[in-house]
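Participant: Let me begin by handing over the structure; questions about it come next.
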Amino acid sequence: VAALTYAFLHLPLMVLMVFSFNRSRFSVQWKGFTLDWFARLADRPDVLRAFRLSVLVGLTSTAIATILGTLLAIALAHYTLRGRRLYEGLLYLPIVTPEIVAGISLLILFSTLGVTLGLGTIIVAHTAFSLPFVTVVVLARMAGMDRSLEEAAMNLGADELTSFRRVTLPQLLPGIVAAALLAFTLSFDDFVITFFVAGVGSTTLPLVVYSMVRKSVEPTINAISTLMLVVTTVLVWAADRLAR
């Protein structure tokens, strides 16, 4: 049953990856192995521009979400806050909210505030939906930490800042890096929310792929999807290893 379940989940992805190396322009039959479709991506300025923009948005939103999410996790774990259960409940709300609802709500917010859609709105949106995931991952890491080490450091003369920098942060670092990798993966792959908050000249790679699919299923689409799948898989695997 487990094998059939995994086959059901991953077989379509494997078929897509196989046909990205197919010599034929039509993904209906195998006509030989080729790397031409990957090479042709270098001749697509729109794809390269969208890729650079996706990386820029991913790195920027990941940096902001990682810093804010780590601070939020430390506050929830270390301090007795009034209404803590409410804060924790609000933390999980964006995770379970459908992306289309989040995208529409952010679009209404930006329109109400008179903010011009563009690169800035995408970064804000990606930071907003990545922040809860970062906080949850770092909180899980903090749950396995020995708090007595911090107390021992302060008993030996360290102040709170030194204790955090020399004791807490090194223990949290694998969780922080794992959370950052997860946040970047979510940002790099996102389509639904980006579709609502992107403006003119701020087209990310998933939006370019969508526009290409609407016209025709080109073999280069399979190549792009394969590259995105490989990058995402590596990042998720690295995040899982670091979290462990």
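We name chains A, B, ... following the order of the structure tokens; residues begin at 1 in each chain, and ligands are numbered from 1 as shown.
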I want to know what sits within 12 Å of Val15 of chain A, based on only C-alpha atoms, with residues of the same chain fewer than 3 positions away left out; could you give that as a list in words?

Facilitator: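 The residues that qualify are Ala7, Phe8, Leu9, His10, Leu11, Pro12, Val18, Phe19, Ser20, Phe21, Asn22, Ser27, Val28, Gln29, Trp30, Asn222, Ala223, Ser225 and Thr226 of chain A.
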
Participant: Would you export the selected residues with N, CA and C atoms as a tab-separated table (two decimals), in the first residue's frame, please?

Facilitator:
chain	number	residue	atom	x	y	z
A	7	ALA	N	3.96	5.73	-5.48
A	7	ALA	CA	3.90	5.71	-6.95
A	7	ALA	C	2.84	6.68	-7.45
A	8	PHE	N	1.70	6.71	-6.79
A	8	PHE	CA	0.62	7.64	-7.17
A	8	PHE	C	1.07	9.09	-7.03
A	9	LEU	N	1.86	9.38	-5.99
A	9	LEU	CA	2.30	10.75	-5.74
A	9	LEU	C	3.41	11.18	-6.70
A	10	HIS	N	4.35	10.29	-6.99
A	10	HIS	CA	5.56	10.68	-7.68
A	10	HIS	C	5.64	10.25	-9.14
A	11	LEU	N	4.78	9.34	-9.58
A	11	LEU	CA	4.85	8.88	-10.97
A	11	LEU	C	4.64	10.02	-11.97
A	12	PRO	N	3.67	10.91	-11.77
A	12	PRO	CA	3.54	12.03	-12.72
A	12	PRO	C	4.79	12.90	-12.80
A	18	VAL	N	11.30	12.54	-17.20
A	18	VAL	CA	11.78	11.70	-18.31
A	18	VAL	C	11.56	12.40	-19.64
A	19	PHE	N	10.38	12.99	-19.85
A	19	PHE	CA	10.08	13.62	-21.13
A	19	PHE	C	10.79	14.96	-21.30
A	20	SER	N	11.40	15.49	-20.24
A	20	SER	CA	12.22	16.69	-20.42
A	20	SER	C	13.51	16.36	-21.16
A	21	PHE	N	13.86	15.07	-21.25
A	21	PHE	CA	15.04	14.62	-22.01
A	21	PHE	C	14.64	13.98	-23.34
A	22	ASN	N	13.38	14.12	-23.74
A	22	ASN	CA	12.89	13.49	-24.95
A	22	ASN	C	13.21	14.35	-26.17
A	27	SER	N	5.15	15.46	-26.15
A	27	SER	CA	5.34	14.50	-25.06
A	27	SER	C	4.33	13.36	-25.17
A	28	VAL	N	4.40	12.65	-26.28
A	28	VAL	CA	3.48	11.53	-26.47
A	28	VAL	C	4.23	10.22	-26.70
A	29	GLN	N	5.43	10.30	-27.26
A	29	GLN	CA	6.22	9.10	-27.45
A	29	GLN	C	7.70	9.44	-27.36
A	30	TRP	N	8.47	8.43	-26.98
A	30	TRP	CA	9.91	8.62	-26.77
A	30	TRP	C	10.64	8.49	-28.10
A	222	ASN	N	8.93	21.33	-19.73
A	222	ASN	CA	9.34	20.14	-18.97
A	222	ASN	C	10.74	20.34	-18.38
A	223	ALA	N	11.63	20.98	-19.14
A	223	ALA	CA	12.99	21.22	-18.65
A	223	ALA	C	12.98	22.17	-17.45
A	225	SER	N	10.46	22.73	-15.41
A	225	SER	CA	9.83	22.02	-14.29
A	225	SER	C	10.78	21.03	-13.65
A	226	THR	N	11.59	20.36	-14.45
A	226	THR	CA	12.57	19.41	-13.92
A	226	THR	C	13.60	20.12	-13.06

Participant: Can you pull out every residue within 8 Å of segment 73-85 of chain A, counting only C-alpha atoms, but drop anything in the same chain fewer than 5 positions away, and send it as a list in words?

Facilitator: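 Contacts, with the query itself left out: Thr135, Val136, Val138, Leu139 and Met142 of chain A.
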
Participant: Can I get the selected residues back with N, CA and C atoms, as a JSON list (two decimals), in the first residue's frame?

Facilitator:
[["chain", "number", "residue", "atom", "x", "y", "z"],
["A", 135, "THR", "N", 8.80, 30.09, 12.04],
["A", 135, "THR", "CA", 8.57, 30.08, 13.49],
["A", 135, "THR", "C", 8.29, 28.67, 14.00],
["A", 136, "VAL", "N", 7.49, 27.91, 13.27],
["A", 136, "VAL", "CA", 7.16, 26.55, 13.69],
["A", 136, "VAL", "C", 8.40, 25.67, 13.71],
["A", 138, "VAL", "N", 11.61, 26.59, 14.01],
["A", 138, "VAL", "CA", 12.52, 27.01, 15.07],
["A", 138, "VAL", "C", 11.95, 26.63, 16.44],
["A", 139, "LEU", "N", 10.64, 26.74, 16.61],
["A", 139, "LEU", "CA", 10.01, 26.31, 17.87],
["A", 139, "LEU", "C", 10.23, 24.83, 18.11],
["A", 142, "MET", "N", 13.67, 24.41, 19.36],
["A", 142, "MET", "CA", 13.82, 24.88, 20.74],
["A", 142, "MET", "C", 13.21, 23.89, 21.74]]

Participant: Using DSSP on the backbone coordinates, identify all residues within segment 8-191 of chain A classified as alpha helix (DSSP H); present the result as a VMD selection string.

Facilitator: chain A and resid 8 to 19 36 to 40 45 to 78 84 to 96 99 to 113 119 to 143 147 to 155 160 to 163 169 to 189

Participant: Can you pull out every residue within 9 Å of segment 163-172 of chain A, counting only C-alpha atoms, but drop anything in the same chain fewer than 2 positions away, and send it as a PyMOL selection string?

Facilitator: chain A and resi 138+141-142+145+147+149-151+153-154+158-161+174-177

Participant: Please provide the set of residues having any atom within 8 Å of Thr60 of chain A, restricted to only C-alpha atoms, with same-chain residues fewer than 4 positions apart removed, written as JSON, numbers by chain.

Facilitator: {"A": [56, 64, 123]}

Participant: Write a file of the just-selected residues containing N, CA and C atoms, as a CSV table (one decimal), in the first residue's frame.

Facilitator:
chain,number,residue,atom,x,y,z
A,56,LEU,N,16.0,36.5,-6.3
A,56,LEU,CA,16.1,37.8,-5.6
A,56,LEU,C,14.9,37.8,-4.5
A,64,ILE,N,14.3,38.1,5.7
A,64,ILE,CA,13.4,38.8,6.6
A,64,ILE,C,12.6,37.9,7.5
A,123,ILE,N,7.7,40.6,-2.3
A,123,ILE,CA,8.5,40.3,-1.1
A,123,ILE,C,7.7,40.3,0.2

Participant: Go through segment 12-55 of chain A residue by residue and, counting only C-alpha atoms, keep those with an atom at most 8 Å from segment 199-209 of chain A; for each kept residue give the shortest atom pair and its distance in Å to one decimal, ordered by chain and increasing number, as a Markdown table.

Facilitator:
| residue | atom | partner | partner_atom | distance |
| --- | --- | --- | --- | --- |
| A:Asp46 | CA | A:Val208 | CA | 7.6 |
| A:Val47 | CA | A:Leu205 | CA | 6.7 |
| A:Ala50 | CA | A:Thr204 | CA | 4.6 |
| A:Phe51 | CA | A:Leu205 | CA | 5.3 |
| A:Leu53 | CA | A:Thr204 | CA | 5.8 |
| A:Ser54 | CA | A:Thr204 | CA | 5.1 |

Participant: Quick one: write out the picked residues with N, CA, C and O atoms as a compact mmCIF listing (two decimals), in the first residue's frame?

Facilitator:
# COMPACT_ATOMS: atom_id res chain seq x y z
N ASP A 46 13.31 35.89 -21.24
CA ASP A 46 12.21 36.02 -20.28
C ASP A 46 12.35 35.01 -19.15
O ASP A 46 12.08 35.33 -17.98
N VAL A 47 12.78 33.80 -19.49
CA VAL A 47 12.96 32.77 -18.47
C VAL A 47 14.12 33.12 -17.54
O VAL A 47 14.02 33.00 -16.31
N ALA A 50 13.11 36.00 -15.28
CA ALA A 50 12.18 35.53 -14.24
C ALA A 50 12.91 34.70 -13.19
O ALA A 50 12.59 34.79 -11.99
N PHE A 51 13.88 33.90 -13.62
CA PHE A 51 14.66 33.10 -12.67
C PHE A 51 15.44 34.00 -11.71
O PHE A 51 15.44 33.77 -10.50
N LEU A 53 14.73 37.04 -10.89
CA LEU A 53 13.77 37.72 -10.02
C LEU A 53 13.27 36.79 -8.92
O LEU A 53 13.13 37.20 -7.76
N SER A 54 13.03 35.52 -9.27
CA SER A 54 12.57 34.55 -8.27
C SER A 54 13.64 34.34 -7.19
O SER A 54 13.31 34.24 -6.00

Participant: I'd like the contact shell of Phe133 of chain A - 10 Å cut-off, only C-alpha atoms, skipping same-chain residues fewer than 3 positions apart - returned as a ChimeraX atom specification.

Facilitator: /A:65-66,69,91-92,94-95,128-130,136-139,179-180,182-183,186

Participant: Please dump the current selection as a short mmCIF file (atom, residue, chain, number, x, y, z; two decimals), in the first residue's frame; keep C-alpha atoms.

Facilitator:
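As a result, out_19.cif now contains:
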data_model
loop_
_atom_site.label_atom_id
_atom_site.label_comp_id
_atom_site.auth_asym_id
_atom_site.auth_seq_id
_atom_site.Cartn_x
_atom_site.Cartn_y
_atom_site.Cartn_z
CA ALA A 65 11.14 35.89 7.52
CA THR A 66 14.03 33.98 9.13
CA GLY A 69 10.40 34.10 12.76
CA LEU A 91 0.61 31.60 14.05
CA TYR A 92 -0.98 28.49 12.52
CA PRO A 94 -1.79 31.48 7.74
CA ILE A 95 -0.52 27.91 7.33
CA ALA A 128 4.10 37.01 5.34
CA PHE A 129 3.33 33.42 4.33
CA SER A 130 6.87 32.14 5.06
CA VAL A 136 7.16 26.55 13.69
CA VAL A 137 10.46 24.95 12.62
CA VAL A 138 12.52 27.01 15.07
CA LEU A 139 10.01 26.31 17.87
CA ALA A 179 13.68 27.03 8.34
CA ALA A 180 15.44 29.38 5.92
CA LEU A 182 12.07 25.82 3.68
CA ALA A 183 11.11 29.50 3.39
CA LEU A 186 8.07 28.10 -0.54
#

Participant: Figure out the distance between atom CA of Pro98 of chain A and atom CA of Thr185 of chain A, please, to one decimal in Å.

Facilitator: 17.8 Å

Participant: How far is it from atom CA of Arg23 of chain A to atom CA of Leu227 of chain A, in Å with one decimal?

Facilitator: 17.4 Å

Participant: A:Leu48, A:Trp37, A:Leu235, A:Thr70: which is nearest Ser24 of chain A, counting only C-alpha atoms?

Facilitator: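 Ranked by minimum distance to Ser24 of chain A, first place goes to A:Trp37.
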